[in-house]
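**Q** This is the content of protein-v2.cif (mmCIF, N, CA and C atoms):
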data_start
#
loop_
_atom_site.label_atom_id
_atom_site.label_comp_id
_atom_site.auth_asym_id
_atom_site.auth_seq_id
_atom_site.Cartn_x
_atom_site.Cartn_y
_atom_site.Cartn_z
N MET A 178 12.45 2.33 -2.97
CA MET A 178 12.17 1.00 -2.48
C MET A 178 10.92 0.42 -3.14
N LYS A 179 9.93 1.30 -3.40
CA LYS A 179 8.70 0.82 -4.05
C LYS A 179 9.02 0.22 -5.42
N THR A 180 9.92 0.87 -6.15
CA THR A 180 10.25 0.38 -7.49
C THR A 180 10.92 -0.98 -7.43
N VAL A 181 11.83 -1.15 -6.49
CA VAL A 181 12.51 -2.45 -6.34
C VAL A 181 11.50 -3.54 -6.00
N LEU A 182 10.62 -3.27 -5.05
CA LEU A 182 9.60 -4.26 -4.68
C LEU A 182 8.66 -4.55 -5.85
N ASN A 183 8.30 -3.51 -6.60
CA ASN A 183 7.41 -3.72 -7.75
C ASN A 183 8.06 -4.56 -8.83
N VAL A 184 9.36 -4.37 -9.07
CA VAL A 184 10.05 -5.17 -10.09
C VAL A 184 10.14 -6.62 -9.65
N ILE A 185 10.50 -6.86 -8.39
CA ILE A 185 10.56 -8.23 -7.87
C ILE A 185 9.17 -8.86 -7.92
N TRP A 186 8.16 -8.10 -7.52
CA TRP A 186 6.77 -8.56 -7.56
C TRP A 186 6.36 -8.94 -8.98
N LEU A 187 6.71 -8.07 -9.94
CA LEU A 187 6.35 -8.30 -11.33
C LEU A 187 6.92 -9.62 -11.84
N VAL A 188 8.16 -9.90 -11.50
CA VAL A 188 8.82 -11.11 -11.97
C VAL A 188 8.26 -12.36 -11.28
N LEU A 189 8.04 -12.29 -9.98
CA LEU A 189 7.65 -13.49 -9.22
C LEU A 189 6.17 -13.83 -9.33
N CYS A 190 5.30 -12.85 -9.30
CA CYS A 190 3.87 -13.21 -9.33
C CYS A 190 2.98 -12.17 -9.99
N GLY A 191 3.42 -10.93 -10.10
CA GLY A 191 2.56 -9.87 -10.61
C GLY A 191 2.09 -10.08 -12.03
N PHE A 192 2.99 -10.52 -12.90
CA PHE A 192 2.62 -10.71 -14.30
C PHE A 192 1.58 -11.81 -14.44
N TRP A 193 1.73 -12.88 -13.68
CA TRP A 193 0.80 -14.02 -13.78
C TRP A 193 -0.57 -13.66 -13.21
N MET A 194 -0.59 -12.92 -12.12
CA MET A 194 -1.88 -12.49 -11.57
C MET A 194 -2.53 -11.47 -12.50
N PHE A 195 -1.73 -10.62 -13.13
CA PHE A 195 -2.25 -9.68 -14.11
C PHE A 195 -2.93 -10.42 -15.25
N LEU A 196 -2.29 -11.47 -15.74
CA LEU A 196 -2.89 -12.26 -16.82
C LEU A 196 -4.19 -12.93 -16.38
N ALA A 197 -4.25 -13.38 -15.13
CA ALA A 197 -5.48 -13.99 -14.61
C ALA A 197 -6.61 -12.97 -14.57
N TYR A 198 -6.31 -11.75 -14.12
CA TYR A 198 -7.33 -10.71 -14.08
C TYR A 198 -7.78 -10.31 -15.49
N ILE A 199 -6.84 -10.23 -16.41
CA ILE A 199 -7.19 -9.87 -17.79
C ILE A 199 -8.06 -10.97 -18.41
N ALA A 200 -7.72 -12.24 -18.16
CA ALA A 200 -8.53 -13.34 -18.68
C ALA A 200 -9.94 -13.29 -18.10
N ALA A 201 -10.04 -13.04 -16.79
CA ALA A 201 -11.36 -12.93 -16.16
C ALA A 201 -12.12 -11.74 -16.74
N GLY A 202 -11.44 -10.62 -16.96
CA GLY A 202 -12.09 -9.44 -17.53
C GLY A 202 -12.61 -9.67 -18.93
N ILE A 203 -11.83 -10.37 -19.74
CA ILE A 203 -12.27 -10.66 -21.11
C ILE A 203 -13.48 -11.58 -21.09
N LEU A 204 -13.44 -12.61 -20.26
CA LEU A 204 -14.58 -13.52 -20.17
C LEU A 204 -15.84 -12.81 -19.68
N LEU A 205 -15.68 -11.91 -18.72
CA LEU A 205 -16.83 -11.19 -18.19
C LEU A 205 -17.36 -10.15 -19.17
N CYS A 206 -16.50 -9.60 -20.02
CA CYS A 206 -16.95 -8.58 -20.99
C CYS A 206 -17.64 -9.17 -22.20
N ILE A 207 -17.68 -10.48 -22.30
CA ILE A 207 -18.34 -11.10 -23.45
C ILE A 207 -19.83 -10.74 -23.48
N THR A 208 -20.43 -10.69 -22.30
CA THR A 208 -21.85 -10.32 -22.23
C THR A 208 -21.97 -8.85 -21.85
N ILE A 209 -23.06 -8.24 -22.20
CA ILE A 209 -23.28 -6.84 -21.86
C ILE A 209 -23.42 -6.67 -20.35
N ILE A 210 -24.07 -7.60 -19.71
CA ILE A 210 -24.28 -7.52 -18.26
C ILE A 210 -22.95 -7.61 -17.51
N GLY A 211 -21.99 -8.34 -18.05
CA GLY A 211 -20.71 -8.54 -17.37
C GLY A 211 -19.69 -7.45 -17.59
N ILE A 212 -19.99 -6.44 -18.41
CA ILE A 212 -19.01 -5.40 -18.71
C ILE A 212 -18.53 -4.65 -17.46
N PRO A 213 -19.40 -4.23 -16.53
CA PRO A 213 -18.89 -3.55 -15.33
C PRO A 213 -17.94 -4.44 -14.52
N PHE A 214 -18.22 -5.75 -14.50
CA PHE A 214 -17.35 -6.67 -13.78
C PHE A 214 -16.02 -6.82 -14.51
N GLY A 215 -16.08 -6.86 -15.84
CA GLY A 215 -14.86 -6.95 -16.63
C GLY A 215 -13.98 -5.73 -16.45
N LEU A 216 -14.59 -4.55 -16.42
CA LEU A 216 -13.82 -3.33 -16.19
C LEU A 216 -13.18 -3.33 -14.82
N ALA A 217 -13.90 -3.84 -13.81
CA ALA A 217 -13.32 -3.96 -12.47
C ALA A 217 -12.13 -4.92 -12.49
N ALA A 218 -12.24 -6.00 -13.25
CA ALA A 218 -11.14 -6.96 -13.35
C ALA A 218 -9.92 -6.31 -14.00
N PHE A 219 -10.13 -5.52 -15.03
CA PHE A 219 -9.00 -4.83 -15.68
C PHE A 219 -8.34 -3.85 -14.72
N ARG A 220 -9.16 -3.11 -13.96
CA ARG A 220 -8.63 -2.13 -13.01
C ARG A 220 -7.79 -2.80 -11.92
N ILE A 221 -8.30 -3.90 -11.39
CA ILE A 221 -7.58 -4.61 -10.34
C ILE A 221 -6.36 -5.32 -10.92
N GLY A 222 -6.47 -5.75 -12.17
CA GLY A 222 -5.33 -6.39 -12.82
C GLY A 222 -4.13 -5.46 -12.91
N VAL A 223 -4.37 -4.21 -13.25
CA VAL A 223 -3.28 -3.23 -13.30
C VAL A 223 -2.71 -3.02 -11.91
N TYR A 224 -3.57 -2.98 -10.90
CA TYR A 224 -3.12 -2.85 -9.51
C TYR A 224 -2.30 -4.07 -9.11
N ALA A 225 -2.73 -5.26 -9.51
CA ALA A 225 -1.99 -6.48 -9.18
C ALA A 225 -0.66 -6.56 -9.93
N LEU A 226 -0.53 -5.85 -11.02
CA LEU A 226 0.71 -5.83 -11.78
C LEU A 226 1.77 -4.98 -11.10
N TRP A 227 1.37 -3.89 -10.46
CA TRP A 227 2.30 -2.92 -9.89
C TRP A 227 1.70 -2.35 -8.60
N PRO A 228 1.62 -3.16 -7.50
CA PRO A 228 0.82 -2.75 -6.33
C PRO A 228 1.50 -1.80 -5.35
N PHE A 229 2.81 -1.83 -5.25
CA PHE A 229 3.47 -1.01 -4.24
C PHE A 229 3.42 0.45 -4.65
N GLY A 230 3.01 1.30 -3.73
CA GLY A 230 2.81 2.72 -4.03
C GLY A 230 1.35 3.06 -4.26
N HIS A 231 0.48 2.06 -4.15
CA HIS A 231 -0.96 2.27 -4.31
C HIS A 231 -1.68 1.55 -3.16
N THR A 232 -2.87 1.99 -2.91
CA THR A 232 -3.68 1.35 -1.88
C THR A 232 -5.14 1.36 -2.32
N VAL A 233 -5.94 0.56 -1.65
CA VAL A 233 -7.37 0.46 -1.96
C VAL A 233 -8.15 1.13 -0.84
N VAL A 234 -9.08 2.00 -1.22
CA VAL A 234 -9.93 2.67 -0.24
C VAL A 234 -11.39 2.46 -0.65
N ASP A 235 -12.27 2.53 0.32
CA ASP A 235 -13.70 2.42 0.05
C ASP A 235 -14.19 3.72 -0.58
N ARG A 236 -15.07 3.56 -1.55
CA ARG A 236 -15.71 4.73 -2.17
C ARG A 236 -16.90 5.12 -1.31
N PRO A 237 -16.99 6.37 -0.90
CA PRO A 237 -18.10 6.77 -0.04
C PRO A 237 -19.46 6.74 -0.73
N ASP A 238 -19.47 6.82 -2.05
CA ASP A 238 -20.74 6.84 -2.77
C ASP A 238 -21.24 5.45 -3.17
N ALA A 239 -20.52 4.40 -2.78
CA ALA A 239 -20.94 3.03 -3.11
C ALA A 239 -22.09 2.63 -2.19
N GLY A 240 -23.06 1.98 -2.76
CA GLY A 240 -24.23 1.60 -1.98
C GLY A 240 -24.64 0.17 -2.23
N ALA A 241 -25.94 -0.06 -2.19
CA ALA A 241 -26.49 -1.40 -2.35
C ALA A 241 -26.16 -2.03 -3.71
N PRO A 242 -26.15 -1.27 -4.82
CA PRO A 242 -25.78 -1.92 -6.09
C PRO A 242 -24.37 -2.50 -6.06
N SER A 243 -23.44 -1.84 -5.38
CA SER A 243 -22.08 -2.38 -5.27
C SER A 243 -22.09 -3.68 -4.46
N PHE A 244 -22.89 -3.72 -3.43
CA PHE A 244 -22.97 -4.94 -2.61
C PHE A 244 -23.51 -6.11 -3.43
N ILE A 245 -24.58 -5.86 -4.16
CA ILE A 245 -25.18 -6.92 -5.00
C ILE A 245 -24.20 -7.33 -6.10
N GLY A 246 -23.53 -6.35 -6.70
CA GLY A 246 -22.53 -6.65 -7.71
C GLY A 246 -21.37 -7.46 -7.16
N ASN A 247 -20.97 -7.16 -5.92
CA ASN A 247 -19.89 -7.92 -5.29
C ASN A 247 -20.28 -9.38 -5.06
N ILE A 248 -21.53 -9.62 -4.73
CA ILE A 248 -21.99 -11.00 -4.56
C ILE A 248 -21.89 -11.75 -5.88
N LEU A 249 -22.33 -11.11 -6.96
CA LEU A 249 -22.22 -11.73 -8.29
C LEU A 249 -20.75 -11.94 -8.68
N TRP A 250 -19.92 -10.93 -8.40
CA TRP A 250 -18.48 -11.03 -8.70
C TRP A 250 -17.87 -12.20 -7.94
N LEU A 251 -18.22 -12.33 -6.68
CA LEU A 251 -17.67 -13.41 -5.85
C LEU A 251 -17.97 -14.77 -6.47
N ILE A 252 -19.18 -14.93 -6.97
CA ILE A 252 -19.59 -16.20 -7.58
C ILE A 252 -18.89 -16.41 -8.92
N LEU A 253 -18.81 -15.37 -9.75
CA LEU A 253 -18.30 -15.51 -11.11
C LEU A 253 -16.78 -15.59 -11.19
N ALA A 254 -16.07 -14.72 -10.48
CA ALA A 254 -14.62 -14.66 -10.67
C ALA A 254 -13.84 -14.45 -9.38
N GLY A 255 -14.45 -13.89 -8.37
CA GLY A 255 -13.72 -13.48 -7.18
C GLY A 255 -13.00 -14.60 -6.45
N TRP A 256 -13.68 -15.71 -6.27
CA TRP A 256 -13.04 -16.77 -5.48
C TRP A 256 -11.90 -17.43 -6.25
N TRP A 257 -11.98 -17.46 -7.59
CA TRP A 257 -10.86 -17.99 -8.38
C TRP A 257 -9.62 -17.11 -8.24
N LEU A 258 -9.83 -15.81 -8.32
CA LEU A 258 -8.72 -14.88 -8.23
C LEU A 258 -8.15 -14.85 -6.81
N ALA A 259 -9.02 -14.94 -5.81
CA ALA A 259 -8.54 -15.00 -4.43
C ALA A 259 -7.73 -16.26 -4.19
N LEU A 260 -8.15 -17.36 -4.78
CA LEU A 260 -7.40 -18.61 -4.68
C LEU A 260 -6.01 -18.46 -5.30
N GLY A 261 -5.91 -17.73 -6.39
CA GLY A 261 -4.61 -17.44 -7.00
C GLY A 261 -3.73 -16.63 -6.08
N HIS A 262 -4.30 -15.65 -5.38
CA HIS A 262 -3.52 -14.85 -4.44
C HIS A 262 -3.08 -15.69 -3.24
N ILE A 263 -3.95 -16.55 -2.77
CA ILE A 263 -3.59 -17.41 -1.64
C ILE A 263 -2.44 -18.34 -2.04
N THR A 264 -2.54 -18.95 -3.21
CA THR A 264 -1.52 -19.89 -3.67
C THR A 264 -0.17 -19.19 -3.85
N THR A 265 -0.17 -18.07 -4.55
CA THR A 265 1.11 -17.38 -4.76
C THR A 265 1.63 -16.77 -3.47
N GLY A 266 0.75 -16.33 -2.59
CA GLY A 266 1.18 -15.79 -1.30
C GLY A 266 1.87 -16.84 -0.45
N ILE A 267 1.32 -18.04 -0.41
CA ILE A 267 1.95 -19.13 0.36
C ILE A 267 3.28 -19.50 -0.27
N ALA A 268 3.33 -19.58 -1.59
CA ALA A 268 4.58 -19.93 -2.27
C ALA A 268 5.66 -18.87 -2.01
N LEU A 269 5.28 -17.61 -2.02
CA LEU A 269 6.25 -16.55 -1.76
C LEU A 269 6.73 -16.55 -0.32
N CYS A 270 5.87 -16.91 0.61
CA CYS A 270 6.25 -16.92 2.02
C CYS A 270 7.19 -18.06 2.38
N LEU A 271 7.43 -18.96 1.46
CA LEU A 271 8.37 -20.06 1.72
C LEU A 271 9.82 -19.59 1.70
N THR A 272 10.08 -18.42 1.16
CA THR A 272 11.44 -17.87 1.15
C THR A 272 11.49 -16.61 1.99
N ILE A 273 12.64 -16.29 2.51
CA ILE A 273 12.80 -15.09 3.33
C ILE A 273 12.53 -13.83 2.50
N ILE A 274 13.08 -13.78 1.30
CA ILE A 274 12.92 -12.61 0.45
C ILE A 274 11.47 -12.45 0.02
N GLY A 275 10.75 -13.54 -0.13
CA GLY A 275 9.38 -13.48 -0.61
C GLY A 275 8.34 -13.16 0.43
N ILE A 276 8.70 -13.13 1.71
CA ILE A 276 7.70 -12.89 2.77
C ILE A 276 6.97 -11.56 2.60
N PRO A 277 7.67 -10.43 2.36
CA PRO A 277 6.91 -9.18 2.16
C PRO A 277 5.99 -9.23 0.94
N LEU A 278 6.42 -9.95 -0.09
CA LEU A 278 5.59 -10.07 -1.27
C LEU A 278 4.40 -10.99 -1.01
N GLY A 279 4.61 -12.03 -0.22
CA GLY A 279 3.50 -12.91 0.15
C GLY A 279 2.46 -12.17 0.97
N ILE A 280 2.93 -11.33 1.88
CA ILE A 280 2.00 -10.53 2.70
C ILE A 280 1.22 -9.56 1.81
N ALA A 281 1.90 -8.96 0.83
CA ALA A 281 1.21 -8.08 -0.11
C ALA A 281 0.17 -8.84 -0.91
N ASN A 282 0.48 -10.09 -1.25
CA ASN A 282 -0.48 -10.93 -1.97
C ASN A 282 -1.71 -11.19 -1.10
N PHE A 283 -1.50 -11.45 0.18
CA PHE A 283 -2.63 -11.68 1.08
C PHE A 283 -3.48 -10.41 1.24
N LYS A 284 -2.85 -9.24 1.14
CA LYS A 284 -3.59 -7.98 1.23
C LYS A 284 -4.47 -7.73 0.01
N LEU A 285 -4.16 -8.40 -1.10
CA LEU A 285 -4.96 -8.26 -2.32
C LEU A 285 -6.20 -9.15 -2.31
N ILE A 286 -6.28 -10.08 -1.37
CA ILE A 286 -7.42 -11.01 -1.34
C ILE A 286 -8.75 -10.28 -1.13
N PRO A 287 -8.88 -9.35 -0.17
CA PRO A 287 -10.19 -8.70 -0.01
C PRO A 287 -10.67 -7.96 -1.25
N VAL A 288 -9.77 -7.27 -1.95
CA VAL A 288 -10.19 -6.55 -3.15
C VAL A 288 -10.46 -7.51 -4.30
N SER A 289 -9.83 -8.67 -4.30
CA SER A 289 -10.13 -9.64 -5.35
C SER A 289 -11.49 -10.31 -5.10
N LEU A 290 -11.91 -10.36 -3.86
CA LEU A 290 -13.21 -10.95 -3.54
C LEU A 290 -14.36 -9.96 -3.72
N MET A 291 -14.16 -8.72 -3.34
CA MET A 291 -15.21 -7.70 -3.37
C MET A 291 -14.67 -6.38 -3.93
N PRO A 292 -14.50 -6.27 -5.27
CA PRO A 292 -13.85 -5.08 -5.84
C PRO A 292 -14.75 -3.87 -6.05
N LEU A 293 -16.06 -4.08 -6.16
CA LEU A 293 -16.95 -2.96 -6.45
C LEU A 293 -17.14 -2.12 -5.18
N GLY A 294 -17.14 -0.82 -5.36
CA GLY A 294 -17.22 0.09 -4.22
C GLY A 294 -15.86 0.41 -3.64
N LYS A 295 -14.81 0.02 -4.35
CA LYS A 295 -13.43 0.29 -3.92
C LYS A 295 -12.77 1.16 -4.98
N GLN A 296 -11.76 1.89 -4.55
CA GLN A 296 -11.02 2.74 -5.46
C GLN A 296 -9.53 2.55 -5.17
N ILE A 297 -8.73 2.48 -6.22
CA ILE A 297 -7.29 2.32 -6.08
C ILE A 297 -6.67 3.71 -6.20
N VAL A 298 -5.94 4.13 -5.18
CA VAL A 298 -5.34 5.46 -5.17
C VAL A 298 -3.84 5.33 -4.90
N SER A 299 -3.11 6.34 -5.32
CA SER A 299 -1.67 6.39 -5.07
C SER A 299 -1.43 6.77 -3.62
N THR A 300 -0.42 6.19 -3.02
CA THR A 300 -0.09 6.54 -1.64
C THR A 300 0.69 7.84 -1.58
N ASP A 301 1.17 8.32 -2.72
CA ASP A 301 1.92 9.57 -2.74
C ASP A 301 1.03 10.80 -2.73
N GLN A 302 -0.20 10.65 -3.17
CA GLN A 302 -1.12 11.78 -3.25
C GLN A 302 -2.18 11.66 -2.17
N PRO A 303 -2.51 12.75 -1.51
CA PRO A 303 -3.58 12.67 -0.50
C PRO A 303 -4.93 12.40 -1.16
N PHE A 304 -5.75 11.66 -0.43
CA PHE A 304 -7.09 11.33 -0.92
C PHE A 304 -8.11 11.87 0.07
N ALA A 305 -9.04 12.65 -0.41
CA ALA A 305 -10.01 13.32 0.47
C ALA A 305 -10.99 12.33 1.10
N GLY A 306 -11.18 11.16 0.51
CA GLY A 306 -12.17 10.21 1.03
C GLY A 306 -11.68 9.37 2.19
N ARG A 307 -10.40 9.50 2.56
CA ARG A 307 -9.87 8.68 3.66
C ARG A 307 -10.19 9.24 5.00
#
Would you put the structure from the file into structure tokens?
**A**
Amino acid sequence: MKTVLNVIWLVLCGFWMFLAYIAAGILLCITIIGIPFGLAAFRIGVYALWPFGHTVVDRPDAGAPSFIGNILWLILAGWWLALGHITTGIALCLTIIGIPLGIANFKLIPVSLMPLGKQIVSTDQPFAGR
């Protein structure tokens, strides 16, 4: 079932959100200071491309630098990407088939707003930090 949902997701919104994250990552990697933010954008972009079967968990070792970085991320790229998730989520919820995908899009909003201090893990493998 995960594969079917991922393929439908990829066609309807995953590829476009992936491109948005990649564009944000490239723009952020232009400067040396933005490289950690760009890497986070690439990581989340891959998650946005194929989200079913993965989940986001908090990293226990994340501290104040992650919080400060998240504030900068929110200003630089986070709210644009969250707006993309909101728009595609609403559009997907207009159809019966798209409702589960729209809900999945809404679940990506928190990680698009504050990605630092988070880790993307497979739901098939146990994670000791949960």
**Q** For the atom pair atom C of Phe195 (chain A) and atom C of Gly240 (chain A), what is the interatomic distance in Å to one decimal place?
**A**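 Computing the Euclidean distance for atom C of Phe195 (chain A) and atom C of Gly240 (chain A) yields 27.4 Å.
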**Q** In terms of the shortest atom-to-atom distance over only C-alpha atoms, which of A:Thr300, A:Leu187, A:Leu290, A:Leu182 is closest to Leu249 (chain A)?
**A** A:Leu290
**Q** For a quick check of understanding, using all atoms listed in the file, which of A:Leu271, A:Ile185, A:Met291, A:Ala217 has the smallest distance to Leu251 (chain A)?
**A**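 Using all atoms listed in the file, the shortest distance to Leu251 (chain A) belongs to A:Met291.
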**Q** Let me know the residues the PyMOL selection byres ((chain A and resi 292) around 8) catches in the file above, as an MDAnalysis selection string.
**A** chainID A and resid 217:218 221 243 246:248 250:251 255 287:291 293:296
**Q** List, as an mmCIF file with N, CA and C atoms, keeping the file's coordinate frame, every residue that the PyMOL selection byres (((chain A and resi 226-234 and name CA) around 10) and name CA) selects in the file provided.
**A**
data_model
loop_
_atom_site.group_PDB
_atom_site.id
_atom_site.type_symbol
_atom_site.label_atom_id
_atom_site.label_comp_id
_atom_site.auth_asym_id
_atom_site.auth_seq_id
_atom_site.Cartn_x
_atom_site.Cartn_y
_atom_site.Cartn_z
ATOM 1 N N MET A 178 12.450 2.330 -2.970
ATOM 2 C CA MET A 178 12.170 1.000 -2.480
ATOM 3 C C MET A 178 10.920 0.420 -3.140
ATOM 4 N N LYS A 179 9.930 1.300 -3.400
ATOM 5 C CA LYS A 179 8.700 0.820 -4.050
ATOM 6 C C LYS A 179 9.020 0.220 -5.420
ATOM 7 N N THR A 180 9.920 0.870 -6.150
ATOM 8 C CA THR A 180 10.250 0.380 -7.490
ATOM 9 C C THR A 180 10.920 -0.980 -7.430
ATOM 10 N N VAL A 181 11.830 -1.150 -6.490
ATOM 11 C CA VAL A 181 12.510 -2.450 -6.340
ATOM 12 C C VAL A 181 11.500 -3.540 -6.000
ATOM 13 N N LEU A 182 10.620 -3.270 -5.050
ATOM 14 C CA LEU A 182 9.600 -4.260 -4.680
ATOM 15 C C LEU A 182 8.660 -4.550 -5.850
ATOM 16 N N ASN A 183 8.300 -3.510 -6.600
ATOM 17 C CA ASN A 183 7.410 -3.720 -7.750
ATOM 18 C C ASN A 183 8.060 -4.560 -8.830
ATOM 19 N N VAL A 184 9.360 -4.370 -9.070
ATOM 20 C CA VAL A 184 10.050 -5.170 -10.090
ATOM 21 C C VAL A 184 10.140 -6.620 -9.650
ATOM 22 N N TRP A 186 8.160 -8.100 -7.520
ATOM 23 C CA TRP A 186 6.770 -8.560 -7.560
ATOM 24 C C TRP A 186 6.360 -8.940 -8.980
ATOM 25 N N LEU A 187 6.710 -8.070 -9.940
ATOM 26 C CA LEU A 187 6.350 -8.300 -11.330
ATOM 27 C C LEU A 187 6.920 -9.620 -11.840
ATOM 28 N N VAL A 188 8.160 -9.900 -11.500
ATOM 29 C CA VAL A 188 8.820 -11.110 -11.970
ATOM 30 C C VAL A 188 8.260 -12.360 -11.280
ATOM 31 N N CYS A 190 5.300 -12.850 -9.300
ATOM 32 C CA CYS A 190 3.870 -13.210 -9.330
ATOM 33 C C CYS A 190 2.980 -12.170 -9.990
ATOM 34 N N GLY A 191 3.420 -10.930 -10.100
ATOM 35 C CA GLY A 191 2.560 -9.870 -10.610
ATOM 36 C C GLY A 191 2.090 -10.080 -12.030
ATOM 37 N N PHE A 192 2.990 -10.520 -12.900
ATOM 38 C CA PHE A 192 2.620 -10.710 -14.300
ATOM 39 C C PHE A 192 1.580 -11.810 -14.440
ATOM 40 N N TRP A 193 1.730 -12.880 -13.680
ATOM 41 C CA TRP A 193 0.800 -14.020 -13.780
ATOM 42 C C TRP A 193 -0.570 -13.660 -13.210
ATOM 43 N N MET A 194 -0.590 -12.920 -12.120
ATOM 44 C CA MET A 194 -1.880 -12.490 -11.570
ATOM 45 C C MET A 194 -2.530 -11.470 -12.500
ATOM 46 N N PHE A 195 -1.730 -10.620 -13.130
ATOM 47 C CA PHE A 195 -2.250 -9.680 -14.110
ATOM 48 C C PHE A 195 -2.930 -10.420 -15.250
ATOM 49 N N LEU A 196 -2.290 -11.470 -15.740
ATOM 50 C CA LEU A 196 -2.890 -12.260 -16.820
ATOM 51 C C LEU A 196 -4.190 -12.930 -16.380
ATOM 52 N N TYR A 198 -6.310 -11.750 -14.120
ATOM 53 C CA TYR A 198 -7.330 -10.710 -14.080
ATOM 54 C C TYR A 198 -7.780 -10.310 -15.490
ATOM 55 N N ILE A 221 -8.300 -3.900 -11.390
ATOM 56 C CA ILE A 221 -7.580 -4.610 -10.340
ATOM 57 C C ILE A 221 -6.360 -5.320 -10.920
ATOM 58 N N GLY A 222 -6.470 -5.750 -12.170
ATOM 59 C CA GLY A 222 -5.330 -6.390 -12.820
ATOM 60 C C GLY A 222 -4.130 -5.460 -12.910
ATOM 61 N N VAL A 223 -4.370 -4.210 -13.250
ATOM 62 C CA VAL A 223 -3.280 -3.230 -13.300
ATOM 63 C C VAL A 223 -2.710 -3.020 -11.910
ATOM 64 N N TYR A 224 -3.570 -2.980 -10.900
ATOM 65 C CA TYR A 224 -3.120 -2.850 -9.510
ATOM 66 C C TYR A 224 -2.300 -4.070 -9.110
ATOM 67 N N ALA A 225 -2.730 -5.260 -9.510
ATOM 68 C CA ALA A 225 -1.990 -6.480 -9.180
ATOM 69 C C ALA A 225 -0.660 -6.560 -9.930
ATOM 70 N N ASP A 235 -12.270 2.530 0.320
ATOM 71 C CA ASP A 235 -13.700 2.420 0.050
ATOM 72 C C ASP A 235 -14.190 3.720 -0.580
ATOM 73 N N ARG A 236 -15.070 3.560 -1.550
ATOM 74 C CA ARG A 236 -15.710 4.730 -2.170
ATOM 75 C C ARG A 236 -16.900 5.120 -1.310
ATOM 76 N N PRO A 237 -16.990 6.370 -0.900
ATOM 77 C CA PRO A 237 -18.100 6.770 -0.040
ATOM 78 C C PRO A 237 -19.460 6.740 -0.730
ATOM 79 N N LEU A 278 6.420 -9.950 -0.090
ATOM 80 C CA LEU A 278 5.590 -10.070 -1.270
ATOM 81 C C LEU A 278 4.400 -10.990 -1.010
ATOM 82 N N ALA A 281 1.900 -8.960 0.830
ATOM 83 C CA ALA A 281 1.210 -8.080 -0.110
ATOM 84 C C ALA A 281 0.170 -8.840 -0.910
ATOM 85 N N ASN A 282 0.480 -10.090 -1.250
ATOM 86 C CA ASN A 282 -0.480 -10.930 -1.970
ATOM 87 C C ASN A 282 -1.710 -11.190 -1.100
ATOM 88 N N LYS A 284 -2.850 -9.240 1.140
ATOM 89 C CA LYS A 284 -3.590 -7.980 1.230
ATOM 90 C C LYS A 284 -4.470 -7.730 0.010
ATOM 91 N N LEU A 285 -4.160 -8.400 -1.100
ATOM 92 C CA LEU A 285 -4.960 -8.260 -2.320
ATOM 93 C C LEU A 285 -6.200 -9.150 -2.310
ATOM 94 N N PRO A 287 -8.880 -9.350 -0.170
ATOM 95 C CA PRO A 287 -10.190 -8.700 -0.010
ATOM 96 C C PRO A 287 -10.670 -7.960 -1.250
ATOM 97 N N VAL A 288 -9.770 -7.270 -1.950
ATOM 98 C CA VAL A 288 -10.190 -6.550 -3.150
ATOM 99 C C VAL A 288 -10.460 -7.510 -4.300
ATOM 100 N N PRO A 292 -14.500 -6.270 -5.270
ATOM 101 C CA PRO A 292 -13.850 -5.080 -5.840
ATOM 102 C C PRO A 292 -14.750 -3.870 -6.050
ATOM 103 N N GLY A 294 -17.140 -0.820 -5.360
ATOM 104 C CA GLY A 294 -17.220 0.090 -4.220
ATOM 105 C C GLY A 294 -15.860 0.410 -3.640
ATOM 106 N N LYS A 295 -14.810 0.020 -4.350
ATOM 107 C CA LYS A 295 -13.430 0.290 -3.920
ATOM 108 C C LYS A 295 -12.770 1.160 -4.980
ATOM 109 N N GLN A 296 -11.760 1.890 -4.550
ATOM 110 C CA GLN A 296 -11.020 2.740 -5.460
ATOM 111 C C GLN A 296 -9.530 2.550 -5.170
ATOM 112 N N ILE A 297 -8.730 2.480 -6.220
ATOM 113 C CA ILE A 297 -7.290 2.320 -6.080
ATOM 114 C C ILE A 297 -6.670 3.710 -6.200
ATOM 115 N N VAL A 298 -5.940 4.130 -5.180
ATOM 116 C CA VAL A 298 -5.340 5.460 -5.170
ATOM 117 C C VAL A 298 -3.840 5.330 -4.900
ATOM 118 N N SER A 299 -3.110 6.340 -5.320
ATOM 119 C CA SER A 299 -1.670 6.390 -5.070
ATOM 120 C C SER A 299 -1.430 6.770 -3.620
ATOM 121 N N THR A 300 -0.420 6.190 -3.020
ATOM 122 C CA THR A 300 -0.090 6.540 -1.640
ATOM 123 C C THR A 300 0.690 7.840 -1.580
ATOM 124 N N ASP A 301 1.170 8.320 -2.720
ATOM 125 C CA ASP A 301 1.920 9.570 -2.740
ATOM 126 C C ASP A 301 1.030 10.800 -2.730
ATOM 127 N N GLN A 302 -0.200 10.650 -3.170
ATOM 128 C CA GLN A 302 -1.120 11.780 -3.250
ATOM 129 C C GLN A 302 -2.180 11.660 -2.170
ATOM 130 N N PHE A 304 -5.750 11.660 -0.430
ATOM 131 C CA PHE A 304 -7.090 11.330 -0.920
ATOM 132 C C PHE A 304 -8.110 11.870 0.070
ATOM 133 N N GLY A 306 -11.180 11.160 0.510
ATOM 134 C CA GLY A 306 -12.170 10.210 1.030
ATOM 135 C C GLY A 306 -11.680 9.370 2.190
ATOM 136 N N ARG A 307 -10.400 9.500 2.560
ATOM 137 C CA ARG A 307 -9.870 8.680 3.660
ATOM 138 C C ARG A 307 -10.190 9.240 5.000
#
**Q** Write out as number ranges by chain the residues lying within 8 Å of Leu204 (chain A), counting only N, CA and C atoms and excluding same-chain residues fewer than 5 positions away.
**A** A: 198-199, 211-212, 214-215
**Q** Taking all atoms listed in the file into account, name the residue in A:Leu189, A:Pro277, A:Phe219, A:Trp257 that is nearest to Ile203 (chain A).
**A**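 Ranking A:Leu189, A:Pro277, A:Phe219, A:Trp257 by distance to Ile203 (chain A), first place goes to A:Phe219.
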**Q** Can you check which residues of chain A DSSP gives as strand (DSSP E or B) on the backbone and send them as a PyMOL selection string?
**A** chain A and resi 231-235+295-299
**Q** Please measure the separation of atom N of Asp238 (chain A) and CA of Ile286 (chain A), giving the value in Å to one decimal.
**A**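 Going from atom N of Asp238 (chain A) over to CA of Ile286 (chain A) covers 21.5 Å.
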